[in-house]
Amino acid sequence: MRDKCFLHHVLIVALLTYGSIVGNIPFVCAFGINTGTVDRVSHQRKNGGATTRLRSGTKIGAGVGNVSSSSAGTPDLTLFSPSKINLFLRIIRRRPDGFHDLGSLFQTTAFGDVLEFTAHPPGSSECDTMECDMKGVPLDGSNLVMRALALMRARTGAAEGKYFHVNLIKKVPAQGGLGGGSGNAATAMFGFNELLDRPATNAQMVEWSAELGSDITFFLSRGTAYCTGRGEILRPVPPVATSGTAVCIVKPKIGLSTPAVFKQLNYDELSEVDPEDLLGKFLEEGPGTNVENYVNDLEPPAFRVLPELAELKRELEGSGFDRVLMSGSGSSIFCIGRPDDGDAFYERFERRDDVDVFPAHF
């Protein structure tokens, strides 16, 4: 059986963000472990006037040469691009190359973006193109989506003379510690591979993804992973939370740049707990593990850069959620469970003009 590369919960839409989900198809991850379901229905190919809907694990056939855009504008492939949170994040040391070694438990959520792929008609374009509905997102070669397509094209040697248009429907905010751009890049790699009949194995894409950024490797995993090195060394682990576990992501309108946060890092403040011990606690006890195991070494420097973020966390902790922690380098804060009074909470926070609230789940 050939490698089945996938993104965790590859969806047409996220249940809470875009509406109802169609389909509930078991998937097998690239590591050979049956861990969940892919909710996906929108890989359509037109062959001799017929439209075939491809499900997860279905051979795509002769590749992009047989994929064409619908006259009605239907994309050839539509994929959900999940966000991530860090259930814990330990900074271990500063490396000689200026990066930091870390130990972190990454988890995808059902809050994310959507990428629609359409093949340009033969001879109509000499490059990949993209559009995005979020103001300020670059659409040139600096965007991780475009870089991912260029990387796959160079590494596989496939798609000569064949180019794609990507419509990025963007929900995940920038500078939120949610890995939105990294997830988009991984999704672009996956989509390119699917449309060209999988010229690359999952192992190859995992290896190549490190060239684009540290977090991208994770988004080619099965959705829960212990990450070390700069974040690019990935150890798949079983899901630590039941699928459907509620998580609420609260993002201040103000973002935080990762370099600014690391500039405020005080190494004397770092936790001394072994991240392997934290991993063991989460695997054994799940998201209900003691609050002391929710460690993020980047919270103190982030709170120095953005003091109001510390106040927001205290406010969320007082709202009745089971666990509250900043994700990555911020500025998003995730809340596991549900508030004591959901109606009052959402009414209060949705009226505020300084934060965005994104209900989601694992």
# chains A, B, ... in the order shown; residues from 1 in each chain; ligands from 1
$ residues_around --residues "Lys263 of chain A" --least-positions-apart "4" --cutoff "10 Å" --atoms "only C-alpha atoms" --output "PyMOL selection string"
chain A and resi 258-259+301-302+305
$ closest_residue --among "A:Thr156, A:Gln107, A:Asn167, A:Ser124" --to "Thr201 of chain A" --atoms "only C-alpha atoms"
A:Thr156
$ residues_around --residues "His361 of chain A" --least-positions-apart "5" --cutoff "6 Å" --atoms "only C-alpha atoms" --output "PDB file with all heavy atoms, in the first residue's frame"
ATOM      1  N   THR A 109      -6.486  21.947  16.114  1.00  0.00           N
ATOM      2  CA  THR A 109      -7.858  22.247  16.509  1.00  0.00           C
ATOM      3  C   THR A 109      -8.722  22.348  15.253  1.00  0.00           C
ATOM      4  O   THR A 109      -8.213  22.423  14.127  1.00  0.00           O
ATOM      5  CB  THR A 109      -7.970  23.575  17.286  1.00  0.00           C
ATOM      6  OG1 THR A 109      -7.965  24.684  16.364  1.00  0.00           O
ATOM      7  CG2 THR A 109      -6.822  23.729  18.283  1.00  0.00           C
ATOM      8  N   ALA A 110     -10.019  22.380  15.456  1.00  0.00           N
ATOM      9  CA  ALA A 110     -10.970  22.495  14.346  1.00  0.00           C
ATOM     10  C   ALA A 110     -11.227  23.941  13.964  1.00  0.00           C
ATOM     11  O   ALA A 110     -12.216  24.237  13.293  1.00  0.00           O
ATOM     12  CB  ALA A 110     -12.280  21.804  14.708  1.00  0.00           C
ATOM     13  N   GLY A 244     -13.604  16.205  19.864  1.00  0.00           N
ATOM     14  CA  GLY A 244     -14.784  16.981  20.215  1.00  0.00           C
ATOM     15  C   GLY A 244     -14.632  17.761  21.507  1.00  0.00           C
ATOM     16  O   GLY A 244     -15.513  18.563  21.848  1.00  0.00           O
ATOM     17  N   THR A 245     -13.521  17.552  22.238  1.00  0.00           N
ATOM     18  CA  THR A 245     -13.279  18.320  23.458  1.00  0.00           C
ATOM     19  C   THR A 245     -13.289  19.805  23.135  1.00  0.00           C
ATOM     20  O   THR A 245     -12.602  20.260  22.218  1.00  0.00           O
ATOM     21  CB  THR A 245     -11.924  17.939  24.083  1.00  0.00           C
ATOM     22  OG1 THR A 245     -11.947  16.558  24.454  1.00  0.00           O
ATOM     23  CG2 THR A 245     -11.630  18.783  25.313  1.00  0.00           C
ATOM     24  N   ALA A 246     -14.061  20.568  23.888  1.00  0.00           N
ATOM     25  CA  ALA A 246     -14.229  21.996  23.598  1.00  0.00           C
ATOM     26  C   ALA A 246     -12.959  22.771  23.911  1.00  0.00           C
ATOM     27  O   ALA A 246     -12.300  22.548  24.929  1.00  0.00           O
ATOM     28  CB  ALA A 246     -15.391  22.561  24.404  1.00  0.00           C
ATOM     29  N   VAL A 247     -12.620  23.685  23.024  1.00  0.00           N
ATOM     30  CA  VAL A 247     -11.524  24.626  23.263  1.00  0.00           C
ATOM     31  C   VAL A 247     -11.954  25.968  22.685  1.00  0.00           C
ATOM     32  O   VAL A 247     -12.523  26.042  21.598  1.00  0.00           O
ATOM     33  CB  VAL A 247     -10.196  24.138  22.638  1.00  0.00           C
ATOM     34  CG1 VAL A 247     -10.336  23.919  21.145  1.00  0.00           C
ATOM     35  CG2 VAL A 247      -9.074  25.121  22.912  1.00  0.00           C
TER      36      VAL A 247
END
$ residues_around --residues "Phe358 of chain A" --least-positions-apart "4" --cutoff "7 Å" --atoms "only C-alpha atoms" --output "list in words"
Cys248, Ile249 and Val250 of chain A
$ closest_residue --among "A:Pro75, A:Gly320, A:Gly330, A:Pro82" --to "Leu195 of chain A" --atoms "only C-alpha atoms"
A:Pro75
$ closest_residue --among "A:Thr228, A:Ser142, A:Ser329, A:Ser243" --to "Pro275 of chain A" --atoms "only C-alpha atoms"
A:Thr228
$ select_by_dssp --residues "segment 66-177 of chain A" --states "strand (DSSP E or B)" --output "ChimeraX atom specification"
/A:77-94,100-119,129-132,164-169
$ write_last_selection --atoms "N, CA and C atoms" --output "short mmCIF file (atom, residue, chain, number, x, y, z; two decimals), in the first residue's frame"
data_model
loop_
_atom_site.label_atom_id
_atom_site.label_comp_id
_atom_site.auth_asym_id
_atom_site.auth_seq_id
_atom_site.Cartn_x
_atom_site.Cartn_y
_atom_site.Cartn_z
N LEU A 77 -9.75 20.93 -5.86
CA LEU A 77 -9.47 20.34 -4.56
C LEU A 77 -9.66 21.39 -3.48
N THR A 78 -10.39 21.04 -2.45
CA THR A 78 -10.61 21.95 -1.32
C THR A 78 -10.18 21.26 -0.04
N LEU A 79 -9.32 21.92 0.72
CA LEU A 79 -8.77 21.33 1.94
C LEU A 79 -8.87 22.29 3.11
N PHE A 80 -9.14 21.73 4.26
CA PHE A 80 -9.12 22.48 5.51
C PHE A 80 -7.69 22.53 6.03
N SER A 81 -7.29 23.68 6.55
CA SER A 81 -5.94 23.91 7.06
C SER A 81 -6.05 24.26 8.54
N PRO A 82 -5.78 23.30 9.44
CA PRO A 82 -6.04 23.53 10.87
C PRO A 82 -5.03 24.45 11.52
N SER A 83 -5.43 25.01 12.64
CA SER A 83 -4.50 25.73 13.52
C SER A 83 -3.99 24.75 14.57
N LYS A 84 -3.05 25.22 15.39
CA LYS A 84 -2.52 24.38 16.47
C LYS A 84 -2.43 25.19 17.75
N ILE A 85 -2.40 24.47 18.86
CA ILE A 85 -2.06 25.07 20.14
C ILE A 85 -0.93 24.26 20.75
N ASN A 86 -0.22 24.86 21.68
CA ASN A 86 0.84 24.17 22.42
C ASN A 86 0.32 23.87 23.82
N LEU A 87 0.07 22.59 24.10
CA LEU A 87 -0.43 22.22 25.42
C LEU A 87 0.63 22.44 26.50
N PHE A 88 1.88 22.34 26.13
CA PHE A 88 2.97 22.87 26.95
C PHE A 88 4.11 23.26 26.02
N LEU A 89 4.93 24.19 26.47
CA LEU A 89 6.06 24.66 25.67
C LEU A 89 7.22 24.99 26.61
N ARG A 90 8.23 24.14 26.55
CA ARG A 90 9.44 24.35 27.34
C ARG A 90 10.58 24.80 26.44
N ILE A 91 11.23 25.89 26.82
CA ILE A 91 12.43 26.33 26.13
C ILE A 91 13.62 25.71 26.87
N ILE A 92 14.39 24.92 26.15
CA ILE A 92 15.48 24.16 26.78
C ILE A 92 16.77 24.95 26.82
N ARG A 93 17.17 25.49 25.68
CA ARG A 93 18.44 26.22 25.62
C ARG A 93 18.51 27.01 24.32
N ARG A 94 19.40 28.00 24.34
CA ARG A 94 19.71 28.73 23.11
C ARG A 94 20.81 27.99 22.37
N HIS A 100 16.39 28.20 19.31
CA HIS A 100 16.26 27.60 20.64
C HIS A 100 15.79 26.16 20.52
N ASP A 101 16.35 25.29 21.32
CA ASP A 101 15.83 23.94 21.46
C ASP A 101 14.61 23.99 22.37
N LEU A 102 13.58 23.26 22.01
CA LEU A 102 12.36 23.27 22.80
C LEU A 102 11.82 21.86 22.94
N GLY A 103 10.88 21.71 23.83
CA GLY A 103 10.09 20.50 23.97
C GLY A 103 8.65 20.93 24.12
N SER A 104 7.79 20.52 23.19
CA SER A 104 6.43 21.04 23.20
C SER A 104 5.45 19.99 22.68
N LEU A 105 4.27 19.97 23.28
CA LEU A 105 3.19 19.10 22.83
C LEU A 105 2.25 19.91 21.96
N PHE A 106 2.23 19.60 20.67
CA PHE A 106 1.40 20.30 19.70
C PHE A 106 0.09 19.54 19.51
N GLN A 107 -0.99 20.31 19.33
CA GLN A 107 -2.30 19.72 19.10
C GLN A 107 -3.06 20.58 18.10
N THR A 108 -3.60 19.94 17.04
CA THR A 108 -4.42 20.70 16.09
C THR A 108 -5.81 20.94 16.67
N THR A 109 -6.49 21.95 16.11
CA THR A 109 -7.86 22.25 16.51
C THR A 109 -8.72 22.35 15.25
N ALA A 110 -10.02 22.38 15.46
CA ALA A 110 -10.97 22.50 14.35
C ALA A 110 -11.23 23.94 13.96
N PHE A 111 -10.35 24.84 14.38
CA PHE A 111 -10.39 26.23 13.92
C PHE A 111 -9.27 26.38 12.90
N GLY A 112 -9.60 26.87 11.72
CA GLY A 112 -8.57 26.97 10.71
C GLY A 112 -9.03 27.66 9.44
N ASP A 113 -8.22 27.51 8.42
CA ASP A 113 -8.46 28.14 7.13
C ASP A 113 -8.90 27.09 6.10
N VAL A 114 -9.26 27.56 4.92
CA VAL A 114 -9.60 26.68 3.81
C VAL A 114 -8.78 27.08 2.59
N LEU A 115 -8.20 26.11 1.90
CA LEU A 115 -7.48 26.35 0.66
C LEU A 115 -8.20 25.66 -0.48
N GLU A 116 -8.51 26.42 -1.52
CA GLU A 116 -9.14 25.89 -2.73
C GLU A 116 -8.11 25.91 -3.86
N PHE A 117 -7.90 24.75 -4.47
CA PHE A 117 -6.91 24.61 -5.54
C PHE A 117 -7.62 24.43 -6.88
N THR A 118 -7.18 25.19 -7.87
CA THR A 118 -7.69 25.05 -9.22
C THR A 118 -6.52 25.04 -10.19
N ALA A 119 -6.47 24.05 -11.07
CA ALA A 119 -5.40 23.98 -12.07
C ALA A 119 -5.64 25.02 -13.16
N THR A 129 -0.53 31.07 -8.83
CA THR A 129 -1.13 32.33 -8.38
C THR A 129 -1.98 32.06 -7.16
N MET A 130 -2.30 33.11 -6.43
CA MET A 130 -3.18 32.94 -5.27
C MET A 130 -3.95 34.22 -4.99
N GLU A 131 -5.01 34.06 -4.24
CA GLU A 131 -5.80 35.17 -3.72
C GLU A 131 -6.15 34.85 -2.28
N CYS A 132 -6.54 35.87 -1.53
CA CYS A 132 -6.90 35.68 -0.12
C CYS A 132 -7.90 36.74 0.27
N PHE A 164 -1.03 26.17 -10.65
CA PHE A 164 -2.27 26.18 -9.87
C PHE A 164 -2.60 27.57 -9.38
N HIS A 165 -3.89 27.77 -9.18
CA HIS A 165 -4.38 28.96 -8.49
C HIS A 165 -4.94 28.51 -7.15
N VAL A 166 -4.53 29.19 -6.08
CA VAL A 166 -4.98 28.85 -4.73
C VAL A 166 -5.79 30.01 -4.17
N ASN A 167 -6.99 29.71 -3.74
CA ASN A 167 -7.82 30.69 -3.03
C ASN A 167 -7.73 30.37 -1.54
N LEU A 168 -7.10 31.25 -0.78
CA LEU A 168 -6.93 31.06 0.65
C LEU A 168 -8.04 31.79 1.38
N ILE A 169 -8.94 31.04 2.00
CA ILE A 169 -10.02 31.61 2.80
C ILE A 169 -9.52 31.63 4.22
#
$ atom_distance --atom1 "atom CA of Phe192 of chain A" --atom2 "atom CA of Ser125 of chain A"
16.4 Å
$ atom_distance --atom1 "atom CA of Glu308 of chain A" --atom2 "atom CA of Phe282 of chain A"
29.0 Å
$ residues_around --residues "Thr242 of chain A" --least-positions-apart "6" --cutoff "10 Å" --atoms "only C-alpha atoms" --output "PyMOL selection string"
chain A and resi 286-287+361-362
$ residues_around --residues "Ile216 of chain A" --least-positions-apart "5" --cutoff "10 Å" --atoms "only C-alpha atoms" --output "list in words"
Leu144, Gly179, Gly180, Gly181, Ser182, Gly183, Asn184, Ala185, Ala186, Thr187, Met189, Met205, Val206, Trp208, Ser209, Ala210, Glu211, Ser221, Gly231 and Glu232 of chain A
